[in-house]
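J.: The file below is upload-v3.pdb, PDB, C-alpha atoms and all ligand atoms:
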ATOM      1  CA  LYS N  21       0.000   0.000   0.000
ATOM      2  CA  ARG N  22       2.819   2.349   0.906
ATOM      3  CA  ASP N  23       4.400   1.781  -2.495
ATOM      4  CA  LYS N  24       1.600   3.332  -4.429
ATOM      5  CA  ILE N  25       1.157   6.938  -5.287
ATOM      6  CA  THR N  26      -2.574   7.077  -5.137
ATOM      7  CA  GLY N  27      -5.235   9.689  -5.373
ATOM      8  CA  SER N  28      -2.920  12.236  -6.841
ATOM      9  CA  ARG N  29      -2.539  14.084 -10.091
ATOM     10  CA  TYR N  30       0.950  12.663 -10.195
ATOM     11  CA  GLN N  31      -0.351   9.240 -11.086
ATOM     12  CA  LEU N  32      -0.667   9.510 -14.846
ATOM     13  CA  PHE N  33      -1.909   6.002 -15.457
ATOM     14  CA  HIS N  34      -2.481   2.784 -13.623
ATOM     15  CA  ALA N  35       1.145   2.136 -12.941
ATOM     16  CA  GLY N  36       2.893  -1.214 -12.793
ATOM     17  CA  MET N  37       5.768  -1.826 -10.419
ATOM     18  CA  ASP N  38       8.407  -0.315 -12.719
ATOM     19  CA  GLU N  39       6.377   2.820 -13.306
ATOM     20  CA  ILE N  40       5.762   3.209  -9.598
ATOM     21  CA  ARG N  41       9.490   2.917  -8.970
ATOM     22  CA  ILE N  42      10.249   5.528 -11.631
ATOM     23  CA  GLN N  43       7.538   7.882 -10.380
ATOM     24  CA  ARG N  44       8.806   7.611  -6.837
ATOM     25  CA  ALA N  45      12.351   8.339  -8.007
ATOM     26  CA  GLN N  46      11.084  11.407  -9.882
ATOM     27  CA  LEU N  47       9.089  12.522  -6.881
ATOM     28  CA  ARG N  48      12.128  12.051  -4.625
ATOM     29  CA  ASP N  49      14.127  14.383  -6.884
ATOM     30  CA  LEU N  50      11.318  16.959  -6.828
ATOM     31  CA  VAL N  51      11.102  16.778  -3.046
ATOM     32  CA  ALA N  52      14.885  17.151  -2.711
ATOM     33  CA  GLN N  53      14.746  20.230  -4.938
ATOM     34  CA  ALA N  54      11.798  21.665  -3.031
ATOM     35  CA  LEU N  55      13.680  21.221   0.251
ATOM     36  CA  GLU N  56      16.599  23.155  -1.255
ATOM     37  CA  ASN N  57      14.199  25.900  -2.327
ATOM     38  CA  ASP N  58      12.375  25.991   1.013
ATOM     39  CA  GLU N  59       8.995  25.267  -0.572
ATOM     40  CA  PHE N  60       7.356  23.346   2.297
ATOM     41  CA  ARG N  61       5.000  25.055   4.742
ATOM     42  CA  LEU N  62       2.773  24.044   7.617
ATOM     43  CA  MET N  63      -0.871  25.061   7.784
ATOM     44  CA  TYR N  64      -2.832  24.839  11.006
ATOM     45  CA  GLN N  65      -6.350  23.492  11.373
ATOM     46  CA  PRO N  66      -8.277  24.604  14.468
ATOM     47  CA  ILE N  67      -9.548  21.979  16.917
ATOM     48  CA  VAL N  68     -12.586  22.960  18.977
ATOM     49  CA  ALA N  69     -13.689  21.734  22.410
ATOM     50  CA  LEU N  70     -17.338  20.743  22.638
ATOM     51  CA  GLY N  71     -19.130  22.526  25.415
ATOM     52  CA  SER N  72     -17.104  25.723  25.575
ATOM     53  CA  GLY N  73     -16.724  25.956  21.829
ATOM     54  CA  ASP N  74     -13.199  27.229  22.398
ATOM     55  CA  VAL N  75     -10.409  26.775  19.888
ATOM     56  CA  VAL N  76      -8.129  24.609  22.010
ATOM     57  CA  SER N  77      -5.554  23.321  19.562
ATOM     58  CA  ALA N  78      -4.087  23.508  16.081
ATOM     59  CA  GLU N  79      -3.138  20.517  13.957
ATOM     60  CA  ALA N  80      -0.067  21.245  11.861
ATOM     61  CA  LEU N  81      -0.506  19.949   8.316
ATOM     62  CA  LEU N  82       2.247  19.915   5.721
ATOM     63  CA  ARG N  83       1.728  21.811   2.472
ATOM     64  CA  TRP N  84       3.754  22.116  -0.723
ATOM     65  CA  PRO N  85       2.043  25.040  -2.465
ATOM     66  CA  SER N  86       4.163  24.924  -5.624
ATOM     67  CA  GLY N  87       4.304  21.114  -5.680
ATOM     68  CA  PRO N  88       2.799  18.734  -8.261
ATOM     69  CA  GLY N  89      -0.333  18.061  -6.188
ATOM     70  CA  VAL N  90       0.800  14.732  -4.751
ATOM     71  CA  ALA N  91      -1.038  13.688  -1.580
ATOM     72  CA  ILE N  92       0.963  14.520   1.559
ATOM     73  CA  PRO N  93       1.186  10.929   2.844
ATOM     74  CA  ASP N  94       2.900   9.986  -0.427
ATOM     75  CA  ILE N  95       5.386  12.838  -0.029
ATOM     76  CA  ILE N  96       6.145  11.620   3.487
ATOM     77  CA  SER N  97       6.520   8.040   2.280
ATOM     78  CA  VAL N  98       8.982   9.003  -0.472
ATOM     79  CA  ALA N  99      10.879  11.233   1.962
ATOM     80  CA  GLU N 100      11.112   8.365   4.455
ATOM     81  CA  ASP N 101      12.469   5.916   1.890
ATOM     82  CA  SER N 102      15.102   8.348   0.633
ATOM     83  CA  GLY N 103      16.373   9.819   3.876
ATOM     84  CA  LEU N 104      14.926  13.234   2.989
ATOM     85  CA  ILE N 105      12.628  12.893   5.988
ATOM     86  CA  LEU N 106      15.393  14.269   8.219
ATOM     87  CA  LYS N 107      15.453  17.587   6.410
ATOM     88  CA  LEU N 108      11.668  17.652   6.115
ATOM     89  CA  SER N 109      11.336  16.980   9.851
ATOM     90  CA  GLU N 110      13.577  19.953  10.617
ATOM     91  CA  ILE N 111      11.213  22.192   8.675
ATOM     92  CA  ILE N 112       8.118  20.713  10.305
ATOM     93  CA  PHE N 113       9.485  20.901  13.866
ATOM     94  CA  ASP N 114      10.911  24.389  13.334
ATOM     95  CA  GLN N 115       7.638  25.803  12.009
ATOM     96  CA  ALA N 116       5.429  24.040  14.549
ATOM     97  CA  PHE N 117       7.510  25.170  17.533
ATOM     98  CA  SER N 118       7.744  28.654  16.167
ATOM     99  CA  LEU N 119       3.925  28.882  16.109
ATOM    100  CA  LEU N 120       3.819  27.468  19.627
ATOM    101  CA  ALA N 121       6.274  30.095  20.852
ATOM    102  CA  ARG N 122       4.234  32.842  19.167
ATOM    103  CA  LEU N 123       1.033  31.620  20.796
ATOM    104  CA  GLN N 124       2.743  31.609  24.193
ATOM    105  CA  ASP N 125       4.141  35.106  23.660
ATOM    106  CA  LEU N 126       0.656  36.333  22.810
ATOM    107  CA  GLY N 127      -0.798  34.717  25.920
ATOM    108  CA  LEU N 128      -2.892  32.325  23.831
ATOM    109  CA  LYS N 129      -3.493  28.927  25.370
ATOM    110  CA  GLN N 130      -3.771  26.628  22.344
ATOM    111  CA  THR N 131      -1.712  23.462  22.011
ATOM    112  CA  VAL N 132      -0.118  22.443  18.717
ATOM    113  CA  ALA N 133      -0.467  18.914  17.311
ATOM    114  CA  VAL N 134       2.227  17.582  14.973
ATOM    115  CA  ASN N 135       1.865  14.449  12.850
ATOM    116  CA  LEU N 136       4.765  12.019  13.184
ATOM    117  CA  SER N 137       5.440   9.316  10.601
ATOM    118  CA  GLY N 138       6.695   5.908  11.689
ATOM    119  CA  VAL N 139      10.276   6.810  10.852
ATOM    120  CA  GLN N 140      10.056  10.085  12.782
ATOM    121  CA  PHE N 141       8.558   8.355  15.785
ATOM    122  CA  ARG N 142      11.336   5.778  15.726
ATOM    123  CA  TYR N 143      14.151   8.337  15.594
ATOM    124  CA  GLN N 144      16.925   7.483  17.985
ATOM    125  CA  ASP N 145      15.552   9.780  20.609
ATOM    126  CA  ILE N 146      12.443  11.612  19.489
ATOM    127  CA  ALA N 147      11.780  12.955  22.996
ATOM    128  CA  ALA N 148      15.235  14.584  23.109
ATOM    129  CA  ILE N 149      14.847  15.934  19.569
ATOM    130  CA  LEU N 150      11.505  17.553  20.372
ATOM    131  CA  THR N 151      12.744  19.021  23.660
ATOM    132  CA  ASN N 152      15.732  20.527  21.857
ATOM    133  CA  TYR N 153      13.471  22.211  19.306
ATOM    134  CA  ALA N 154      11.217  23.446  22.086
ATOM    135  CA  ARG N 155      14.162  24.902  23.988
ATOM    136  CA  ALA N 156      15.585  26.552  20.869
ATOM    137  CA  HIS N 157      12.240  28.270  20.264
ATOM    138  CA  GLY N 158      11.439  29.011  23.882
ATOM    139  CA  ALA N 159       8.337  26.844  23.560
ATOM    140  CA  ASP N 160       6.810  24.615  26.209
ATOM    141  CA  THR N 161       6.717  20.871  25.462
ATOM    142  CA  HIS N 162       3.601  20.628  27.621
ATOM    143  CA  ARG N 163       1.742  22.306  24.807
ATOM    144  CA  LEU N 164       2.812  19.818  22.187
ATOM    145  CA  ILE N 165       0.689  16.901  21.020
ATOM    146  CA  ILE N 166       2.077  14.321  18.646
ATOM    147  CA  GLU N 167      -0.210  12.353  16.343
ATOM    148  CA  ILE N 168       0.833   8.836  15.415
ATOM    149  CA  THR N 169      -1.102   6.180  13.519
ATOM    150  CA  GLU N 170      -2.017   2.684  14.530
ATOM    151  CA  SER N 171       0.727   1.248  12.309
ATOM    152  CA  ILE N 172       3.160   2.147  15.093
ATOM    153  CA  PHE N 173       1.515  -0.579  17.160
ATOM    154  CA  LEU N 174       2.828  -3.197  14.768
ATOM    155  CA  ASP N 175       6.302  -2.351  16.069
ATOM    156  CA  ASN N 176       7.919  -3.655  19.146
ATOM    157  CA  ILE N 177       5.356  -2.837  21.818
ATOM    158  CA  GLU N 178       7.911  -2.377  24.622
ATOM    159  CA  LYS N 179       9.876   0.130  22.568
ATOM    160  CA  THR N 180       6.698   2.018  21.662
ATOM    161  CA  GLN N 181       5.660   2.104  25.324
ATOM    162  CA  LYS N 182       9.096   3.386  26.299
ATOM    163  CA  THR N 183       8.997   6.176  23.728
ATOM    164  CA  ILE N 184       5.505   7.244  24.778
ATOM    165  CA  ARG N 185       6.596   7.227  28.412
ATOM    166  CA  GLU N 186       9.611   9.412  27.613
ATOM    167  CA  LEU N 187       7.424  11.832  25.706
ATOM    168  CA  SER N 188       4.953  12.070  28.571
ATOM    169  CA  GLN N 189       7.797  12.735  31.016
ATOM    170  CA  HIS N 190       8.335  15.925  29.026
ATOM    171  CA  GLY N 191       4.635  16.688  29.086
ATOM    172  CA  VAL N 192       4.142  15.818  25.408
ATOM    173  CA  ARG N 193       0.665  14.432  24.800
ATOM    174  CA  VAL N 194       0.025  11.614  22.313
ATOM    175  CA  ALA N 195      -2.919  11.119  19.956
ATOM    176  CA  ILE N 196      -3.701   8.043  17.869
ATOM    177  CA  ASP N 197      -4.601   9.396  14.441
ATOM    178  CA  ASP N 198      -7.024   7.978  11.867
ATOM    179  CA  PHE N 199      -8.318   5.582  14.476
ATOM    180  CA  GLY N 200     -10.331   2.725  13.041
ATOM    181  CA  THR N 201      -8.609   2.583   9.671
ATOM    182  CA  GLY N 202      -5.513   0.612  10.682
ATOM    183  CA  TYR N 203      -4.773  -2.920  11.708
ATOM    184  CA  SER N 204      -4.194  -2.424  15.382
ATOM    185  CA  SER N 205      -5.631  -4.674  17.992
ATOM    186  CA  LEU N 206      -7.542  -3.251  20.916
ATOM    187  CA  ALA N 207      -5.196  -5.160  23.204
ATOM    188  CA  TYR N 208      -2.368  -2.880  22.088
ATOM    189  CA  LEU N 209      -4.349   0.242  22.754
ATOM    190  CA  GLN N 210      -4.881  -0.864  26.310
ATOM    191  CA  LYS N 211      -1.106  -1.215  26.761
ATOM    192  CA  LEU N 212      -0.333   2.283  25.517
ATOM    193  CA  THR N 213      -1.102   5.339  27.537
ATOM    194  CA  VAL N 214      -2.264   7.772  24.927
ATOM    195  CA  ASP N 215      -4.238  10.912  25.666
ATOM    196  CA  TRP N 216      -6.389  11.252  22.572
ATOM    197  CA  ILE N 217      -8.036   9.055  20.000
ATOM    198  CA  LYS N 218      -8.760  10.764  16.692
ATOM    199  CA  VAL N 219     -11.573   9.008  14.897
ATOM    200  CA  ASP N 220     -11.083   9.023  11.169
ATOM    201  CA  GLN N 221     -13.325  11.153   9.002
ATOM    202  CA  SER N 222     -14.657   8.094   7.164
ATOM    203  CA  PHE N 223     -16.571   7.177  10.349
ATOM    204  CA  ILE N 224     -17.804  10.708  10.948
ATOM    205  CA  THR N 225     -19.320  11.578   7.584
ATOM    206  CA  ASN N 226     -23.137  11.572   7.766
ATOM    207  CA  ILE N 227     -23.067  10.033  11.211
ATOM    208  CA  ASN N 228     -26.566   9.460  12.619
ATOM    209  CA  GLU N 229     -28.352   6.705  14.415
ATOM    210  CA  SER N 230     -29.361   4.862  11.263
ATOM    211  CA  ASN N 231     -25.810   4.893   9.917
ATOM    212  CA  PRO N 232     -23.755   1.728  10.638
ATOM    213  CA  ASN N 233     -20.815   3.931  11.656
ATOM    214  CA  TYR N 234     -22.880   5.200  14.567
ATOM    215  CA  GLN N 235     -22.361   1.993  16.560
ATOM    216  CA  ILE N 236     -18.656   1.955  15.749
ATOM    217  CA  VAL N 237     -18.084   5.534  16.907
ATOM    218  CA  ASN N 238     -20.255   4.919  19.955
ATOM    219  CA  ALA N 239     -18.118   1.922  20.859
ATOM    220  CA  ILE N 240     -14.924   3.956  20.387
ATOM    221  CA  VAL N 241     -16.275   6.755  22.604
ATOM    222  CA  GLN N 242     -17.071   4.282  25.365
ATOM    223  CA  MET N 243     -13.752   2.507  25.022
ATOM    224  CA  GLY N 244     -12.002   5.889  25.212
ATOM    225  CA  GLN N 245     -13.871   6.751  28.392
ATOM    226  CA  ALA N 246     -13.033   3.358  29.909
ATOM    227  CA  LEU N 247      -9.344   3.809  29.048
ATOM    228  CA  ASN N 248      -9.321   7.469  30.045
ATOM    229  CA  MET N 249      -8.626   8.730  26.542
ATOM    230  CA  GLY N 250     -10.374  11.726  25.022
ATOM    231  CA  LEU N 251     -12.058  11.537  21.660
ATOM    232  CA  VAL N 252     -11.438  13.894  18.749
ATOM    233  CA  ALA N 253     -13.657  13.624  15.674
ATOM    234  CA  GLU N 254     -11.946  14.455  12.381
ATOM    235  CA  GLY N 255     -13.557  15.889   9.289
ATOM    236  CA  VAL N 256     -16.705  17.402  10.843
ATOM    237  CA  GLU N 257     -18.356  19.218   7.971
ATOM    238  CA  ASN N 258     -21.839  20.165   9.178
ATOM    239  CA  LEU N 259     -23.985  20.958  12.188
ATOM    240  CA  ALA N 260     -25.870  17.645  12.054
ATOM    241  CA  GLU N 261     -22.620  15.706  12.492
ATOM    242  CA  LEU N 262     -21.528  18.077  15.263
ATOM    243  CA  GLU N 263     -24.764  17.642  17.226
ATOM    244  CA  GLN N 264     -24.656  13.898  16.860
ATOM    245  CA  LEU N 265     -21.039  13.764  18.073
ATOM    246  CA  ALA N 266     -21.828  15.939  21.082
ATOM    247  CA  GLU N 267     -24.672  13.670  22.038
ATOM    248  CA  MET N 268     -22.365  10.671  21.840
ATOM    249  CA  GLY N 269     -19.923  12.236  24.291
ATOM    250  CA  CYS N 270     -17.145  13.236  21.925
ATOM    251  CA  GLU N 271     -14.836  15.881  23.451
ATOM    252  CA  ARG N 272     -13.172  17.631  20.552
ATOM    253  CA  VAL N 273     -14.050  18.281  16.947
ATOM    254  CA  GLN N 274     -12.102  19.344  13.895
ATOM    255  CA  GLY N 275     -13.187  19.904  10.331
ATOM    256  CA  TYR N 276     -14.263  22.276   7.600
ATOM    257  CA  TYR N 277     -17.404  23.122   9.572
ATOM    258  CA  PHE N 278     -15.125  25.152  11.827
ATOM    259  CA  SER N 279     -12.229  25.958   9.557
ATOM    260  CA  LYS N 280      -9.908  24.700   6.867
ATOM    261  CA  PRO N 281      -6.197  24.634   7.703
ATOM    262  CA  LEU N 282      -4.918  28.216   8.075
ATOM    263  CA  SER N 283      -1.590  29.996   7.814
ATOM    264  CA  ASP N 284       0.094  30.689  11.162
ATOM    265  CA  SER N 285      -1.049  34.318  11.220
ATOM    266  CA  ASP N 286      -4.585  33.391  10.208
ATOM    267  CA  PHE N 287      -4.667  30.726  12.908
ATOM    268  CA  ILE N 288      -3.565  33.279  15.506
ATOM    269  CA  ALA N 289      -6.316  35.632  14.353
ATOM    270  CA  PHE N 290      -8.836  32.796  14.456
ATOM    271  CA  ALA N 291      -7.734  31.727  17.932
ATOM    272  CA  SER N 292      -7.948  35.341  19.146
ATOM    273  CA  THR N 293     -11.491  35.854  17.890
ATOM    274  CA  PRO N 294     -13.751  35.894  20.960
ATOM    275  CA  ASN N 295     -17.032  34.986  19.314
ATOM    276  CA  HIS N 296     -17.201  32.619  16.415
ATOM    277  CA  PRO N 297     -20.586  32.177  14.744
ATOM    278  CA  TRP N 298     -20.716  28.529  15.833
ATOM    279  CA  GLN N 299     -19.697  29.256  19.417
ATOM    280  CA  SER N 300     -23.249  29.808  20.621
ATOM    281  CA  ILE N 301     -24.491  26.601  19.024
ATOM    282  CA  VAL N 302     -21.785  24.174  20.076
ATOM    283  CA  PRO N 303     -23.724  21.688  22.197
ATOM    284  CA  GLU N 304     -22.633  20.458  25.636
ATOM    285  CA  PRO N 305     -21.027  17.042  25.402
ATOM    286  CA  LYS N 306     -23.289  14.533  27.065
ATOM    287  CA  LEU N 307     -21.287  12.280  29.339
ATOM    288  CA  LEU N 308     -22.092   8.623  29.186
ATOM    289  CA  SER N 309     -22.319   6.667  32.402
TER     290      SER N 309
HETATM  291  P1  LIG T   1      -4.543  13.549   9.125
HETATM  292  O1  LIG T   1      -3.496  13.765  10.146
HETATM  293  O2  LIG T   1      -5.654  12.623   9.464
HETATM  294  O3  LIG T   1      -5.073  14.997   8.772
HETATM  295  C1  LIG T   1      -6.400  15.300   8.505
HETATM  296  C2  LIG T   1      -6.629  15.506   7.032
HETATM  297  O4  LIG T   1      -8.022  15.753   6.813
HETATM  298  C3  LIG T   1      -5.899  16.723   6.456
HETATM  299  O5  LIG T   1      -5.549  16.402   5.117
HETATM  300  C4  LIG T   1      -6.980  17.808   6.500
HETATM  301  O6  LIG T   1      -6.761  18.844   5.600
HETATM  302  C5  LIG T   1      -8.203  16.979   6.138
HETATM  303  N1  LIG T   1      -9.450  17.565   6.641
HETATM  304  C6  LIG T   1      -9.648  18.233   7.806
HETATM  305  N2  LIG T   1     -10.939  18.571   7.960
HETATM  306  C7  LIG T   1     -11.590  18.104   6.881
HETATM  307  C8  LIG T   1     -12.993  18.132   6.477
HETATM  308  O7  LIG T   1     -13.870  18.656   7.154
HETATM  309  N3  LIG T   1     -13.285  17.540   5.296
HETATM  310  C9  LIG T   1     -12.327  16.930   4.522
HETATM  311  N4  LIG T   1     -12.715  16.368   3.362
HETATM  312  N5  LIG T   1     -11.009  16.883   4.876
HETATM  313  C10 LIG T   1     -10.655  17.456   6.050
HETATM  314  P2  LIG T   1      -4.092  16.643   4.561
HETATM  315  O8  LIG T   1      -3.571  17.926   5.062
HETATM  316  O9  LIG T   1      -4.152  16.396   3.100
HETATM  317  O10 LIG T   1      -3.225  15.536   5.253
HETATM  318  C11 LIG T   1      -3.392  14.185   4.925
HETATM  319  C12 LIG T   1      -2.547  13.332   5.818
HETATM  320  O11 LIG T   1      -1.158  13.568   5.589
HETATM  321  C13 LIG T   1      -2.726  13.638   7.299
HETATM  322  O12 LIG T   1      -3.879  13.004   7.756
HETATM  323  C14 LIG T   1      -1.456  13.085   7.873
HETATM  324  O13 LIG T   1      -1.543  11.698   8.067
HETATM  325  C15 LIG T   1      -0.450  13.346   6.771
HETATM  326  N6  LIG T   1       0.323  14.560   7.108
HETATM  327  C16 LIG T   1       0.007  15.861   6.937
HETATM  328  N7  LIG T   1       0.977  16.661   7.393
HETATM  329  C17 LIG T   1       1.937  15.858   7.900
HETATM  330  C18 LIG T   1       3.203  16.099   8.552
HETATM  331  O14 LIG T   1       3.638  17.233   8.809
HETATM  332  N8  LIG T   1       3.932  14.988   8.912
HETATM  333  C19 LIG T   1       3.465  13.704   8.704
HETATM  334  N9  LIG T   1       4.248  12.686   9.083
HETATM  335  N10 LIG T   1       2.289  13.453   8.104
HETATM  336  C20 LIG T   1       1.531  14.517   7.709
HETATM  337 MG    MG T   2      -3.252  14.074  12.040
HETATM  338 MG    MG T   3      -6.152  12.478  11.438
HETATM  339 MG    MG T   4      -7.486  11.249   8.891
END
Could you render the structure from this file as structure tokens?
Ligand code: C2E
Ligand code: MG
Ligand code: MG
Ligand code: MG
T.:
Amino acid sequence: KRDKITGSRYQLFHAGMDEIRIQRAQLRDLVAQALENDEFRLMYQPIVALGSGDVVSAEALLRWPSGPGVAIPDIISVAEDSGLILKLSEIIFDQAFSLLARLQDLGLKQTVAVNLSGVQFRYQDIAAILTNYARAHGADTHRLIIEITESIFLDNIEKTQKTIRELSQHGVRVAIDDFGTGYSSLAYLQKLTVDWIKVDQSFITNINESNPNYQIVNAIVQMGQALNMGLVAEGVENLAELEQLAEMGCERVQGYYFSKPLSDSDFIAFASTPNHPWQSIVPEPKLLS
């Protein structure tokens, strides 16, 4: 699956193995060039707390404005296989911590969530790397969340536990991203102390009681409450989904209904706005017993 460049304009035809290899080599060269030219940027999507309606966090999402339109996961995958991920990580960590420092300087309370690929998570000492960036920027690691996917669970569980423990010693919070789409077993989840579960958008779209996804999300909410993990719903696009999620006991929401990913300055403006139009209609989360 990782070897395919899917869903992108870059895929000119249904490629066989050789074509995929050639396309990935071409993409690697483009990414290397773009790193030289400093073409990568982070955009920040607001995350909203149900109940208060406050903007509580920003998810940092990688963008390549002048790039060929390849999906970001494919860029990351090519960067991982070619070693370019090191340079790309520098850019991501630098930009994310610089927003965090700006928020702190402005007295804004939002946390910043950064996506980590498998390779990034398995860096020699990711906790030390992140603390160094935080120190260099004068940012507080307590306001950092890292998002990892379930594929991490397929690794050595002891090593994963150790890394998560180290991160939490520095106050870094951990979220499991795209929950429900991977291959992880629930037994693993129980062994890992993560703070947030982000339910993938595919389960959120058109969620209502007659939708089969309703029972799945309901089960995830209850499991999260049993394991003391908060639930974030991804890809909330309308009020009906929002109301349904609130009723189910979901804690945080993110999606186009609130905002698309924004530039750092636009995010700061958004986070500083006292009254958003949706703020008066964000329902109280109903706690399940
Ligand atoms: P993700 O972490 O699950 O990010 C959420 C994706 O959903 C983002 O796509 C975001 O733009 C999109 N999205 C948010 N709200 C809505 C909505 O209401 N409707 C719809 N249709 N889409 C919505 P994006 O930015 O294309 O990122 C795709 C994936 O690429 C991310 O999924 C993440 O896994 C990966 N990614 C992005 N940035 C980074 C990064 O800096 N590092 C790493 N390792 N991976 C990244
Ligand atoms: Mg994410
Ligand atoms: Mg996600
Ligand atoms: Mg997702």
J.: Using the chain letters and numbers from the file, give me the residues hit by the PyMOL selection byres (((chain N and resi 276) around 12) and not hetatm), as a PyMOL selection string.
T.: chain N and resi 65-68+221+225+253-259+261-262+273-275+277-282
J.: I need the residue nearest Ile149 (chain N) from this list: N:Ser171, N:Leu106, N:Gln130, N:Gly250. Use all atoms listed in the file for the distance.
T.: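 So, comparing all the options, the nearest one is N:Leu106.
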J.: Residues within 12 Å of ligand MG 4 (chain T), counting only C-alpha atoms and all ligand atoms: report them as an MDAnalysis selection string.
T.: chainID N and resid 79 81 92:93 135 167:170 195:202 217:225 252:256 274:275
J.: Which distance in Å separates CA of Glu267 (chain N) and atom N4 of ligand LIG 1 (chain T), to one decimal?
T.: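 Computing it gives 22.3 Å between the two atoms.
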J.: With distances taken over only C-alpha atoms and all ligand atoms, which of N:Val76, N:Ile165, N:Arg142, N:Met37 is nearest to ligand MG 2 (chain T)?
T.: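 With only C-alpha atoms and all ligand atoms as the atom set, the closest residue is N:Ile165.
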J.: From the list N:Ile184, N:Ala148, N:Ala289, N:Leu265, which residue is nearest Gly71 (chain N) when using only C-alpha atoms?
T.: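 With only C-alpha atoms as the atom set, the closest residue is N:Leu265.
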J.: Could you please determine the separation between CA of Ala266 (chain N) and CA of Gln235 (chain N) in Å, to one decimal place?
T.: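 So the answer is 14.7 Å.
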